[in-house]
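Visitor: Submitted below is the structure of interest, expressed as structure tokens.
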2 protein chains.
Amino acid sequence: MSAVEAAAAAAARAATTPTTRDERAGWLEALAAALEAHREELVGIAHEETHLSSARLDGEVTRTAAQLRFFSNVIREGGYLEAVVESPDPSLIPPRPDLRRMLRPLGPVAVYTASNFPFAFSVLGNDTASALAAGCPVVVKAHPGHPRLSRRTAELAEAVVPEEWFSLVEGMDAGTELVRHPLVRAAGFTGSVRGGRALFDLAVSRPDPIPFYGELGSINPVVVTRAAAAERAASIASGLVGSFTRDAGQYCTKPGLVFVPEGGGVEEGVRSGLADAPSSRQLTDGMSRAFADGVAAFEAHPGAEVLRADADADASAPTVVLVDAKTFSADPETFLEECFGPVTVVVRYRDEELPGILSRLEPSLTATIHRGADEDVTALAGTLSAVAGRLLFDGWPTGVAIGWAQHHGGSWPSTTASVHTSVGATAIRRWLAPIAYQDAPEHVLPPELRDANPLGIPRRES
Amino acid sequence: MSAVEAAAAAAARAATTPTTRDERAGWLEALAAALEAHREELVGIAHEETHLSSARLDGEVTRTAAQLRFFSNVIREGGYLEAVVESPDPSLIPPRPDLRRMLRPLGPVAVYTASNFPFAFSVLGNDTASALAAGCPVVVKAHPGHPRLSRRTAELAEAVVPEEWFSLVEGMDAGTELVRHPLVRAAGFTGSVRGGRALFDLAVSRPDPIPFYGELGSINPVVVTRAAAAERAASIASGLVGSFTRDAGQYCTKPGLVFVPEGGGVEEGVRSGLADAPSSRQLTDGMSRAFADGVAAFEAHPGAEVLRADADADASAPTVVLVDAKTFSADPETFLEECFGPVTVVVRYRDEELPGILSRLEPSLTATIHRGADEDVTALAGTLSAVAGRLLFDGWPTGVAIGWAQHHGGSWPSTTASVHTSVGATAIRRWLAPIAYQDAPEHVLPPELRDANPLGIPRRES
């Protein structure tokens, strides 16, 4: 029996054991505590494997524990169940019986972990947290970029959750076997367009297709208005350099394409700020090569000016690609290509050119506007909201907050399914499907749907 | 330019024009009124094309108008937007900015209409109603079983909704072109597993896959317990005959597989009730042939006893297939095959055989339990809830009520995506995706997310 077969069978057995929201909330809190209790050891392993700084990794452990606790709050509150209790009305056509509806877990979930968040979108990351919260056993496919950390985190998880609720599998073959396994009911993925598309294609070509939630590529456009530049060009420039070089530029929300007003001072600020930007090593050698190839493609373009900071050995140099609006518009494909790592494309525009160049944008996770203090940006916001899942003002898209209103999606290729995404409270909705009870006797109803609402969850009653 | 190209381009233009919930609610109410105002004419055309009775069709017009008005209520109330307003908290890791999230329309939606509901799941049926409610322009692919009715209904629709918000296309080629069209953002379908799978495969193999919501096949198992039979075998038998022969057995919720206790009297009641069951003509000649082929396959099985009522010329005879539990268990595939039309399979069981035969069930839209007045059916309900989207007690699955708690789904093959389904208030969720605003100035926010909540919608604030 393959490791995947064993893991999927175990998960399917676990899925038949009913659990309460309180129990699962307790697991999530214990998982958060286990991460924190082993913080030093885990950060040490992660630093060796990923080259990310210990400070960043330490913060990511904190974030990951916060995510686990956030989902324990989400399920204790119970509103996520979308419970509805509707009384009979025989006068309607057709007549309405007693109908009660809520969400329930889909069954075993496959989680494909990310390279760039070794904690927060990895073994005990947001996909696992939301799936366990939903009541779905999880089989995690480890990322090859941090195998020892994945195994150690999995050991901690197995010591906390009941047997068979959690398994770790490794290797590319296990990954493809997992998404095709008949007992797996849904999958979550964070990674490249190529890898995500391949797994998506397997998920939907099964005899029984399953939902596949992939977070893929994103260019995250930023528009700096002339009024914003006039007010604070220097701070915008330094904020941009800080954001696109943060943790070696390895964020799916990295601002990869920035439109700045010609002569507004932002370009000059970026040029001078780049000199002080830190170089850093990419997560894997393959990613270092991909970054070098991506920068080389920009350099090969005759209209592009490419600036690089100095870099330590083995590190990728922070890089800015400067083009004018005409160059961008003549060949947008080149400059809309996501390049993972510390590089961004800065397009200088004249005011009349902006609507034309923005019409070239493709869907992204985020879009950002830097505006003047009293500037009306209604039209610009309308244009950018059409291409992004999250629209930010006067900030930077890296550093994704956790919360009920958070969201991490946009149309293809930023996600495979913009309907539900992997961040925020509704990430749990990916692992749930409704059931309706018609004229059911009280004793077969889940407590959340009984007349007296004994657990006191928010629900719609009519 | 093809009809699909023109319709998709028109829908995409319409999608860029903002509309308010009040406006769209007004369209839905006007569409309901238009159907009612032309009730007699529409029922006449539908009767000629579908052979369904005028009384049934008249009731279906009432139902369809009720669905349209239901969705106007859903959007006027506004809870479906899932609005969340979350205030900043800089003490968190990562810090939380001002975040506001709500759902927004996906864009042009393709609707593939059903043969068996010429109103309620056709041109102005639940898919169209929910998509327009969501704010998505609609391109309807007409069903070839009722072309004149489709065109006439479309004329009424075009006179009500603003230009370019609604189009009708016809023909199989148009159907495949539509789901592949780059401007179409999602699709809804009600029909066969074969047809739905073909369109699903096109939707997910696009360069940019789109959500495809298909309602496909379902066998809708029913279990009659021994206690229920002891109390009311005759009424259960007559209820069953009424349900599986209703409107020529052409419902996706038709009870197609019924488990009755051996010697409990239900079988005898069905045998005698069958004689009085009405025969009726199928919607199309192709469906009549498919029904005859399906019944022939049951007849060819050596373990099956097949009973037929008398039938008028051109009509399909109400048919019951009787088998014992051993025969069913030895060859479940034969008896789990959905046969559209007035036929059901009755499996007589001894008490000890029930768990074994129920383990053979595949996912369905519904499952039904007939139980004794005080009988504890916890275990049975657990088994059946695992294979069905709606679990009914002491009733019949045909006649699907409209409501906030209603739901019409189950795992593949009953639907392509059990996460959201085509009936009930949440059918609207299929055509929506979230957007989050971060630190947005008040003037760019939709009214539903502004501080003062000027439209007074239900929302989460924290």
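Note on naming: chains are A, B, ... as they come in the structure tokens, residues start from 1 per chain, ligands start from 1 in the order shown.
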Kindly determine which residues of chain A lie within 6 Å of chain B, considering only C-alpha atoms, and give the answer as a PyMOL selection string.

Guide: chain A and resi 63+84+93-94+96+99-101+208+378+389-393+401+405+412+418-419+433+435-440+444

Visitor: Check segment 23-232 of chain B with DSSP on the backbone and list each residue it calls strand (DSSP E or B), as a ChimeraX atom specification.

Guide: /B:84-86,89,96,99-105,109-112,138-141,166-169,186-190,212-215,221-224

Visitor: Pick the closest to Leu183 of chain A from A:Val224, A:Leu358, A:Ala46, A:Cys136: which is it, counting only C-alpha atoms?

Guide: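 That would be A:Cys136, the residue with the smallest distance to Leu183 of chain A.
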
Visitor: Using only C-alpha atoms, which protein or nucleic acid residues come within 10 Å of Asp314 of chain A? Drop anything in the same chain fewer than 3 positions from it, and give the result as JSON, numbers by chain.

Guide: {"A": [279, 280, 281, 282, 285, 288, 311, 317]}

Visitor: Could you save those same residues with C-alpha atoms as a PDB file, in the first residue's frame?

Guide:
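Result saved to part-v6.pdb:
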```pdb
ATOM      1  CA  SER A 279      20.171  41.130  -1.167  1.00  0.00           C
ATOM      2  CA  SER A 280      18.982  37.732  -0.012  1.00  0.00           C
ATOM      3  CA  ARG A 281      19.191  34.132  -0.993  1.00  0.00           C
ATOM      4  CA  GLN A 282      16.185  32.536  -2.667  1.00  0.00           C
ATOM      5  CA  ASP A 285      18.487  26.900  -6.114  1.00  0.00           C
ATOM      6  CA  SER A 288      17.429  31.416  -7.852  1.00  0.00           C
ATOM      7  CA  ALA A 311      24.461  41.276  -3.950  1.00  0.00           C
ATOM      8  CA  ALA A 317      20.295  41.244  -6.286  1.00  0.00           C
TER       9      ALA A 317
END
```

Visitor: Please provide the set of residues having any atom within 12 Å of Pro278 of chain A, restricted to only C-alpha atoms, with same-chain residues fewer than 2 positions apart removed, written as a count of residues only.

Guide: 27

Visitor: Could you give me, as a CSV table (one decimal) with C-alpha atoms, in the first residue's frame, each residue of segment 322-384 of chain B that DSSP assigns to helix (DSSP H, G or I) when run on this structure's backbone?

Guide:
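Once written, out-v4.csv looks like this:
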```
chain,number,residue,atom,x,y,z
B,325,ALA,CA,-32.1,-7.6,-1.5
B,326,LYS,CA,-29.8,-10.5,-2.7
B,327,THR,CA,-30.5,-9.7,-6.3
B,328,PHE,CA,-29.8,-6.0,-5.7
B,329,SER,CA,-26.6,-6.6,-3.9
B,330,ALA,CA,-25.3,-9.0,-6.5
B,332,PRO,CA,-26.2,-3.0,-7.8
B,333,GLU,CA,-25.0,-1.1,-10.9
B,334,THR,CA,-28.0,-2.3,-12.8
B,335,PHE,CA,-30.5,-1.0,-10.3
B,336,LEU,CA,-28.6,2.2,-9.4
B,351,ASP,CA,-34.1,-6.4,8.5
B,352,GLU,CA,-30.6,-7.8,8.7
B,353,GLU,CA,-30.0,-7.1,5.1
B,354,LEU,CA,-30.6,-3.3,5.2
B,355,PRO,CA,-27.1,-2.1,6.3
B,356,GLY,CA,-25.4,-4.2,3.6
B,357,ILE,CA,-27.6,-2.9,0.8
B,358,LEU,CA,-27.5,0.7,1.9
B,378,THR,CA,-30.5,8.1,14.2
B,379,ALA,CA,-28.3,5.4,12.6
B,380,LEU,CA,-30.3,5.2,9.4
B,381,ALA,CA,-30.3,9.0,9.1
B,382,GLY,CA,-26.5,9.0,9.5
B,383,THR,CA,-26.1,6.5,6.7
B,384,LEU,CA,-28.4,8.3,4.3
```

Visitor: Can you list, as a ChimeraX atom specification, every protein, DNA or RNA residue that comes within 7 Å of Gly214 of chain A when you count only C-alpha atoms, leaving out same-chain residues fewer than 2 positions away?

Guide: /A:188-190,196,212,216,415-416

Visitor: Can you tell me which residues surround Gln67 of chain B at a distance of at most 8 Å, considering only C-alpha atoms, apart from same-chain residues fewer than 5 positions away, and format the answer as a list in words?

Guide: Ala120, Gly125, Asn126, Ala129 and Ile402 of chain B

Visitor: Point out the residue among B:Leu283, B:Ala203, B:Val345, B:Leu178 with the least atom-to-atom distance to Glu299 of chain B, counting only C-alpha atoms.

Guide: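 Among B:Leu283, B:Ala203, B:Val345, B:Leu178, it is B:Val345 that comes nearest to Glu299 of chain B.
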
Visitor: For atom CA of Gly294 of chain B and atom CA of Gly195 of chain B, determine how far apart the two atoms are, in Å to one decimal place.

Guide: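 A separation of 17.7 Å between them.
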
Visitor: When distances are computed from only C-alpha atoms, which of B:Arg289, B:Arg151, B:Arg76, B:His38 shows the smallest separation from Val61 of chain B?

Guide: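 Looking at the shortest contact to Val61 of chain B, the residue is B:His38.
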
Visitor: At a cut-off of 10 Å, using only C-alpha atoms, what residues contact Glu36 of chain A? Leave out same-chain residues fewer than 2 positions from it and give the result as a PyMOL selection string.

Guide: chain A and resi 30-34+38-42+58+61-62+64-65

Visitor: Quick check, in Å to one decimal: how far apart do atom CA of Ser235 of chain B and atom CA of Gly263 of chain B lie?

Guide: 15.7 Å

Visitor: For a quick check of understanding, using only C-alpha atoms, which of A:Phe121, A:Tyr112, A:Trp27, A:Tyr80 has the smallest distance to Val179 of chain A?

Guide: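 Selected residue with least distance to Val179 of chain A: A:Tyr112.
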
Visitor: Using Å and a single decimal, report how far atom CA of Glu29 of chain B sits from atom CA of Leu68 of chain B.

Guide: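 A separation of 6.6 Å between them.
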